[in-house]
Amino acid sequence: MAIIIILISISLLIAIGFLVSFIWNLRSGQYDDTYSPSVRMLFEDKPKKKVTKDSKK
Amino acid sequence: MPTVVIETVKCFHCGEESEEPIYLNDKAFCCDGCKTVFEILNSNDLCEYYRIEGYSGTSLRNVQRGSFAYLDAADVRSKVLSFESDNLSRATFHVPSIHCVSCIWLLENLRKLNAGILKGEVVFGRRTVTMDFDPSKVTLAQIADLLSSLGYAPVISIESSEKKTQKPASDRTLLYRLAIAGFCFGNIMLFSFPEYLGIDEHDKILKPVFPWLNLALSIPVFFYSASIYFTAALATFRQKQINIDVPIAVGLLALFARSSYDIITGFGPGYLDSFAGLVFFLLIGRWFQSKTYEGLAFDRDFKSYFPLAVSRLSGEQWTPVIIYDLRKGDVIRLRNMEIVPADSILREAEAYFDYSFVTGEARPVKVKVGGRVFAGGRLIGKPADLIIEKETSQSQLTSLWNNEAFRKTNESSYQKLIDRVARRFTWIVIVLAIATAIYWYFYSPSEMWLVLTSVLIVACPCALALAAPFTYGSMQRVFGRNSFYLKNADVIERLASIDSVVFDKTGTVTYGKLPVVEFSGKMTEGELLDVKMLTNCSTHPLSGIVSRSIVGQPESTISDFKEIPGKGIQATINGSQVKVGSAQFLGFFQVDLDNSYVFVGINNEVRGYFKIRTNTRPHLKTMLARLGSKCVALVSGDNCSDKSAMKALFGPAILLRFDQSPHDKLEFVMDLQLSGKKVMMVGDGLNDSGALQQSDVGVAVSDDSGVFSPACDGILDGKRLGQLDKFLSLARYSSVILKVAFGISFFYNAITLSLAASGHLTPLLAAILMPISSISVVGFSSFAVNWVAGRVIDNQIN
């Protein structure tokens, strides 16, 4: 049954790892703006050649 | 049969409909401003802007661009920049017009427009853009000009440069506490299960492990997450008061102490799961209630309206100087649309100043050389030089902020319902605790401490403490969905007690600034210009309105000008006699006409009339009818030319006051309060600031939540003003809901208290009852609020 104690300590360590990473994220400001990053990742820089086509649209 | 249909075309840039579009290739634009933006974007391969979200631009039709040259003065620049070096500087601009995905895209791609800009990053929620740029290639003023030329004029004020990035840090600590409490709560619950399910005798090694683990986990909860309750309770205790934090702190303390004792002595598993759960729920309540609208500012004073700097004459040169460094005798130069930073005297040539924001008076005022100009006025037309007479902080308008109304906060003077309930609750618990202690002392002294702590534990009014945040917090969100943004959730409680509503006129009851003028009759363009000329000569407010409604430049000569007070004006223009005035003045009588009709006669022939309609917001009349006797007065800084229209709108019983200075408005509200009324002020401009601050609830009406609104408790979208009474009744419903929620939580407290007092409270029972009571209270208030809101608001729209 002592194995349970080892398992518990491992699980607790993992959980603490997640808690620490969450606090780290919070501290680095990841949750300050929850909107712009979600749209920013969809922006793309297009190759220059398509210029004329786009401006017509 | 041929019919003429006036087609309105949507502007390609901003999507606003226009009857006279300007075409570029096949695209229509409502104004030159929009067209220019399109040209800039098009020539720089940035038309992606229009593809992300159609009609994404901001209309530039009514925008007057100011100058940002002052930003390049060294001392101004250092206030605005958050980082400065030879080849990299960083500035954060507040740009209220950010509203969609395209805005983000464009502002973050400005480097394609100007090579000096290295990077832009938008924080949408706060409506800010942070620019990294190379100061050797581009100046701060150029960036601000670029932004404003694209329709994203940054708001730069002393206020925004003073506080920079202070805000987020304090908001985050609550989240840290919440995260840690949640983490510990989950794990403690997990480790409590073996105890509840029963550990066999042969697991002797395991049995003590779990409680000790729980104790270890609950230490950060007690010392970090819950510490706000202890400090708050201590603070109120020092002031010899009792609020909701006191019984919570006592309960938490009892829980933790009793559990630690149980575990250390091996007596039992303790109540640590209940303890961590309580803290977690309470913090969720706090977090839920702390919802704020980051994009909106509720604490602006004149500082955010005033410019950061102006051009001052030093020697022979004009150099930008921060307005607080202005001293008496300084000479400053203002350009078109710039704001007068301090009371001063006009140095040369006459100029027009628009005081609409300060006084509510719609008409620009003409000031002659040597005339006084007051801070807050806006220069219209050619640049003008002024000599400062008083420093900014001592000027007439700004001295309003020295009033003591701005020093005290509404929150401190207001006794919250929750604290009144908590005080009674605390006394009951104290009496109960003493009674049970005495009983058990005689009955079974060994168990006295156990029972006493149990009583204190269950008395912890967790559900009670959650009721208010969730009722008011949900209601605040409902309000927000309906475009009424409250500073914080506590405002709802004050809203519920309002029994007098005071309105401002210009910008609040009426739209914008100018009344609508319609001409009916027959006149040639030349004759219309003659009328403009004639009305120009008169100072009567109606003349000004008529004059401004006619477009063009009159060139005729005028003679024999005569003004008959209360009737009209007449003169000879180009040989013909022109008369403008009331129906009676023109020689015919008609009933039912008030002074909102201006008749025109040329050579004794009536040619038609101007109908002047104050452009009031829709649905006001029905809203005022529903408000009934709650609506008390209209206080306007404007002159009384609208009196009859306002009388018709508000009805005879309501007090109408015109020509009120900002100080008068404040005093008016104060007088009402002294007579025992709870006053709500509805206003929009700087001139209402004092009244908004003094009133119990100050509501600023705004047509565009991005633009300036004075310090207030709530910002209401102008389109929703017709529903003001609905918001008031919703606020009152929230109080009812809150009281029912209190009832529910008392019901649970009664059950648990009876269990505790009789010594039957086991850790398992506590672990079940406490979350259930909290969840049922939270569930009830959230559901009830949304249900009531759905009914009240829907009725309105139909």
# chains A, B, ... in the order shown; residues from 1 in each chain; ligands from 1
$ select_by_dssp --residues "segment 63-236 of chain B" --states "helix (DSSP H, G or I)" --output "VMD selection string"
chain B and resid 69 to 72 74 to 80 101 to 108 110 to 112 140 to 149 158 to 163 167 to 197 209 to 225 227 to 236
$ select_by_dssp --residues "segment 572-663 of chain B" --states "strand (DSSP E or B)" --output "number ranges by chain"
B: 572-573, 576-581, 597-602, 605-613, 616, 631-635, 655-657
$ write_last_selection --atoms "N, CA and C atoms" --output "compact mmCIF listing (two decimals), in the first residue's frame"
# COMPACT_ATOMS: atom_id res chain seq x y z
N THR B 572 -33.44 96.27 -45.01
CA THR B 572 -33.52 96.38 -46.47
C THR B 572 -32.26 95.77 -47.06
N ILE B 573 -32.47 94.76 -47.87
CA ILE B 573 -31.34 94.10 -48.49
C ILE B 573 -31.57 94.12 -50.00
N SER B 576 -34.91 95.26 -51.39
CA SER B 576 -36.17 94.67 -50.95
C SER B 576 -36.19 94.56 -49.43
N GLN B 577 -37.37 94.69 -48.90
CA GLN B 577 -37.49 94.65 -47.45
C GLN B 577 -37.66 93.21 -46.98
N VAL B 578 -36.80 92.79 -46.13
CA VAL B 578 -36.85 91.41 -45.63
C VAL B 578 -37.22 91.44 -44.16
N LYS B 579 -38.22 90.62 -43.82
CA LYS B 579 -38.67 90.54 -42.43
C LYS B 579 -38.56 89.09 -41.97
N VAL B 580 -38.02 88.93 -40.80
CA VAL B 580 -37.94 87.58 -40.24
C VAL B 580 -38.43 87.65 -38.81
N GLY B 581 -39.35 86.76 -38.43
CA GLY B 581 -39.82 86.80 -37.06
C GLY B 581 -41.06 85.97 -36.85
N TYR B 597 -41.32 78.49 -34.64
CA TYR B 597 -41.54 78.80 -36.06
C TYR B 597 -41.00 80.19 -36.33
N VAL B 598 -40.22 80.30 -37.38
CA VAL B 598 -39.72 81.62 -37.76
C VAL B 598 -40.22 81.91 -39.17
N PHE B 599 -40.98 82.97 -39.30
CA PHE B 599 -41.56 83.29 -40.60
C PHE B 599 -40.69 84.28 -41.36
N VAL B 600 -40.79 84.19 -42.67
CA VAL B 600 -40.00 85.08 -43.52
C VAL B 600 -40.94 85.84 -44.45
N GLY B 601 -40.76 87.10 -44.51
CA GLY B 601 -41.53 87.89 -45.46
C GLY B 601 -40.61 88.78 -46.28
N ILE B 602 -40.87 88.84 -47.56
CA ILE B 602 -40.08 89.73 -48.40
C ILE B 602 -41.05 90.69 -49.09
N GLU B 605 -44.70 90.19 -48.33
CA GLU B 605 -45.34 88.96 -48.80
C GLU B 605 -44.73 87.80 -48.01
N VAL B 606 -45.61 87.02 -47.38
CA VAL B 606 -45.09 85.91 -46.59
C VAL B 606 -44.58 84.81 -47.52
N ARG B 607 -43.32 84.46 -47.35
CA ARG B 607 -42.73 83.51 -48.29
C ARG B 607 -42.57 82.10 -47.71
N GLY B 608 -42.75 81.97 -46.45
CA GLY B 608 -42.61 80.62 -45.87
C GLY B 608 -42.14 80.71 -44.43
N TYR B 609 -41.82 79.59 -43.86
CA TYR B 609 -41.35 79.60 -42.47
C TYR B 609 -40.29 78.54 -42.23
N PHE B 610 -39.47 78.83 -41.25
CA PHE B 610 -38.50 77.85 -40.77
C PHE B 610 -39.10 77.16 -39.54
N LYS B 611 -39.12 75.87 -39.59
CA LYS B 611 -39.60 75.13 -38.42
C LYS B 611 -38.37 74.65 -37.67
N ILE B 612 -38.26 75.04 -36.43
CA ILE B 612 -37.07 74.67 -35.66
C ILE B 612 -37.45 73.64 -34.62
N ARG B 613 -36.91 72.52 -34.80
CA ARG B 613 -37.28 71.40 -33.95
C ARG B 613 -36.04 71.01 -33.16
N THR B 616 -34.74 65.94 -30.18
CA THR B 616 -34.70 65.12 -28.97
C THR B 616 -34.55 63.65 -29.31
N CYS B 631 -39.15 61.87 -12.14
CA CYS B 631 -38.40 62.88 -12.89
C CYS B 631 -38.66 64.23 -12.25
N VAL B 632 -37.62 64.88 -11.81
CA VAL B 632 -37.80 66.09 -11.03
C VAL B 632 -37.52 67.36 -11.82
N ALA B 633 -36.43 67.35 -12.57
CA ALA B 633 -36.06 68.62 -13.17
C ALA B 633 -35.17 68.44 -14.38
N LEU B 634 -35.14 69.50 -15.15
CA LEU B 634 -34.21 69.61 -16.27
C LEU B 634 -33.33 70.81 -15.96
N VAL B 635 -32.04 70.60 -15.88
CA VAL B 635 -31.15 71.74 -15.68
C VAL B 635 -30.23 71.83 -16.87
N LEU B 655 -39.75 70.90 -13.19
CA LEU B 655 -39.01 72.15 -13.08
C LEU B 655 -38.01 72.25 -14.22
N LEU B 656 -38.06 73.35 -14.95
CA LEU B 656 -37.10 73.55 -16.03
C LEU B 656 -36.21 74.72 -15.66
N ARG B 657 -34.91 74.47 -15.68
CA ARG B 657 -33.99 75.56 -15.34
C ARG B 657 -32.98 75.73 -16.46
$ residues_around --residues "Ser89 of chain B" --least-positions-apart "6" --cutoff "9 Å" --atoms "only C-alpha atoms" --output "PDB file with C-alpha atoms, in the first residue's frame"
ATOM      1  CA  LEU B  81       6.932  57.576 -23.827  1.00  0.00           C
ATOM      2  CA  SER B  82       7.267  54.506 -21.669  1.00  0.00           C
ATOM      3  CA  PHE B  83      10.699  53.662 -23.051  1.00  0.00           C
ATOM      4  CA  MET B 131       4.029  51.463 -30.751  1.00  0.00           C
ATOM      5  CA  ASP B 132       7.717  50.663 -30.956  1.00  0.00           C
ATOM      6  CA  PHE B 133       9.416  53.110 -33.231  1.00  0.00           C
ATOM      7  CA  ASP B 134      12.759  54.441 -34.259  1.00  0.00           C
ATOM      8  CA  PRO B 135      12.943  58.050 -33.041  1.00  0.00           C
TER       9      PRO B 135
END
$ interface_residues --of "chain B" --to "chain A" --cutoff "7 Å" --atoms "only C-alpha atoms" --output "list in words"
Asn42, Asp45, Cys47, Val101, Val122, Val123, Phe124, Gly125 and Tyr176 of chain B
$ write_last_selection --atoms "N, CA, C and O atoms" --output "PDB file, in the first residue's frame"
ATOM      1  N   ASN B  42      -4.725  52.017 -49.970  1.00  0.00           N
ATOM      2  CA  ASN B  42      -4.631  51.370 -51.269  1.00  0.00           C
ATOM      3  C   ASN B  42      -3.224  51.480 -51.831  1.00  0.00           C
ATOM      4  O   ASN B  42      -2.659  50.512 -52.329  1.00  0.00           O
ATOM      5  N   ASP B  45      -0.817  49.005 -50.218  1.00  0.00           N
ATOM      6  CA  ASP B  45      -1.135  47.584 -50.218  1.00  0.00           C
ATOM      7  C   ASP B  45      -1.703  47.151 -48.865  1.00  0.00           C
ATOM      8  O   ASP B  45      -1.303  46.161 -48.289  1.00  0.00           O
ATOM      9  N   CYS B  47      -5.135  47.041 -48.333  1.00  0.00           N
ATOM     10  CA  CYS B  47      -6.581  46.919 -48.484  1.00  0.00           C
ATOM     11  C   CYS B  47      -7.160  45.678 -47.844  1.00  0.00           C
ATOM     12  O   CYS B  47      -8.379  45.487 -47.819  1.00  0.00           O
ATOM     13  N   VAL B 101     -11.844  43.846 -35.792  1.00  0.00           N
ATOM     14  CA  VAL B 101     -10.646  43.094 -36.130  1.00  0.00           C
ATOM     15  C   VAL B 101      -9.777  43.865 -37.121  1.00  0.00           C
ATOM     16  O   VAL B 101      -8.555  43.867 -37.029  1.00  0.00           O
ATOM     17  N   VAL B 122      -1.895  45.925 -30.286  1.00  0.00           N
ATOM     18  CA  VAL B 122      -3.162  46.432 -29.784  1.00  0.00           C
ATOM     19  C   VAL B 122      -3.602  45.612 -28.582  1.00  0.00           C
ATOM     20  O   VAL B 122      -3.470  44.389 -28.584  1.00  0.00           O
ATOM     21  N   VAL B 123      -4.057  46.279 -27.552  1.00  0.00           N
ATOM     22  CA  VAL B 123      -4.779  45.582 -26.494  1.00  0.00           C
ATOM     23  C   VAL B 123      -6.234  45.988 -26.661  1.00  0.00           C
ATOM     24  O   VAL B 123      -6.615  47.122 -26.381  1.00  0.00           O
ATOM     25  N   PHE B 124      -7.020  45.084 -27.183  1.00  0.00           N
ATOM     26  CA  PHE B 124      -8.374  45.428 -27.600  1.00  0.00           C
ATOM     27  C   PHE B 124      -9.237  45.886 -26.435  1.00  0.00           C
ATOM     28  O   PHE B 124      -9.944  46.872 -26.517  1.00  0.00           O
ATOM     29  N   GLY B 125      -9.160  45.141 -25.353  1.00  0.00           N
ATOM     30  CA  GLY B 125     -10.013  45.440 -24.199  1.00  0.00           C
ATOM     31  C   GLY B 125      -9.801  46.834 -23.669  1.00  0.00           C
ATOM     32  O   GLY B 125     -10.725  47.500 -23.237  1.00  0.00           O
ATOM     33  N   TYR B 176      -4.458  35.398  -8.594  1.00  0.00           N
ATOM     34  CA  TYR B 176      -3.488  34.502  -7.946  1.00  0.00           C
ATOM     35  C   TYR B 176      -4.129  33.799  -6.768  1.00  0.00           C
ATOM     36  O   TYR B 176      -4.017  32.591  -6.596  1.00  0.00           O
TER      37      TYR B 176
END
$ residues_around --residues "Phe658 of chain B" --least-positions-apart "6" --cutoff "8 Å" --atoms "only C-alpha atoms" --output "PyMOL selection string"
chain B and resi 635-640
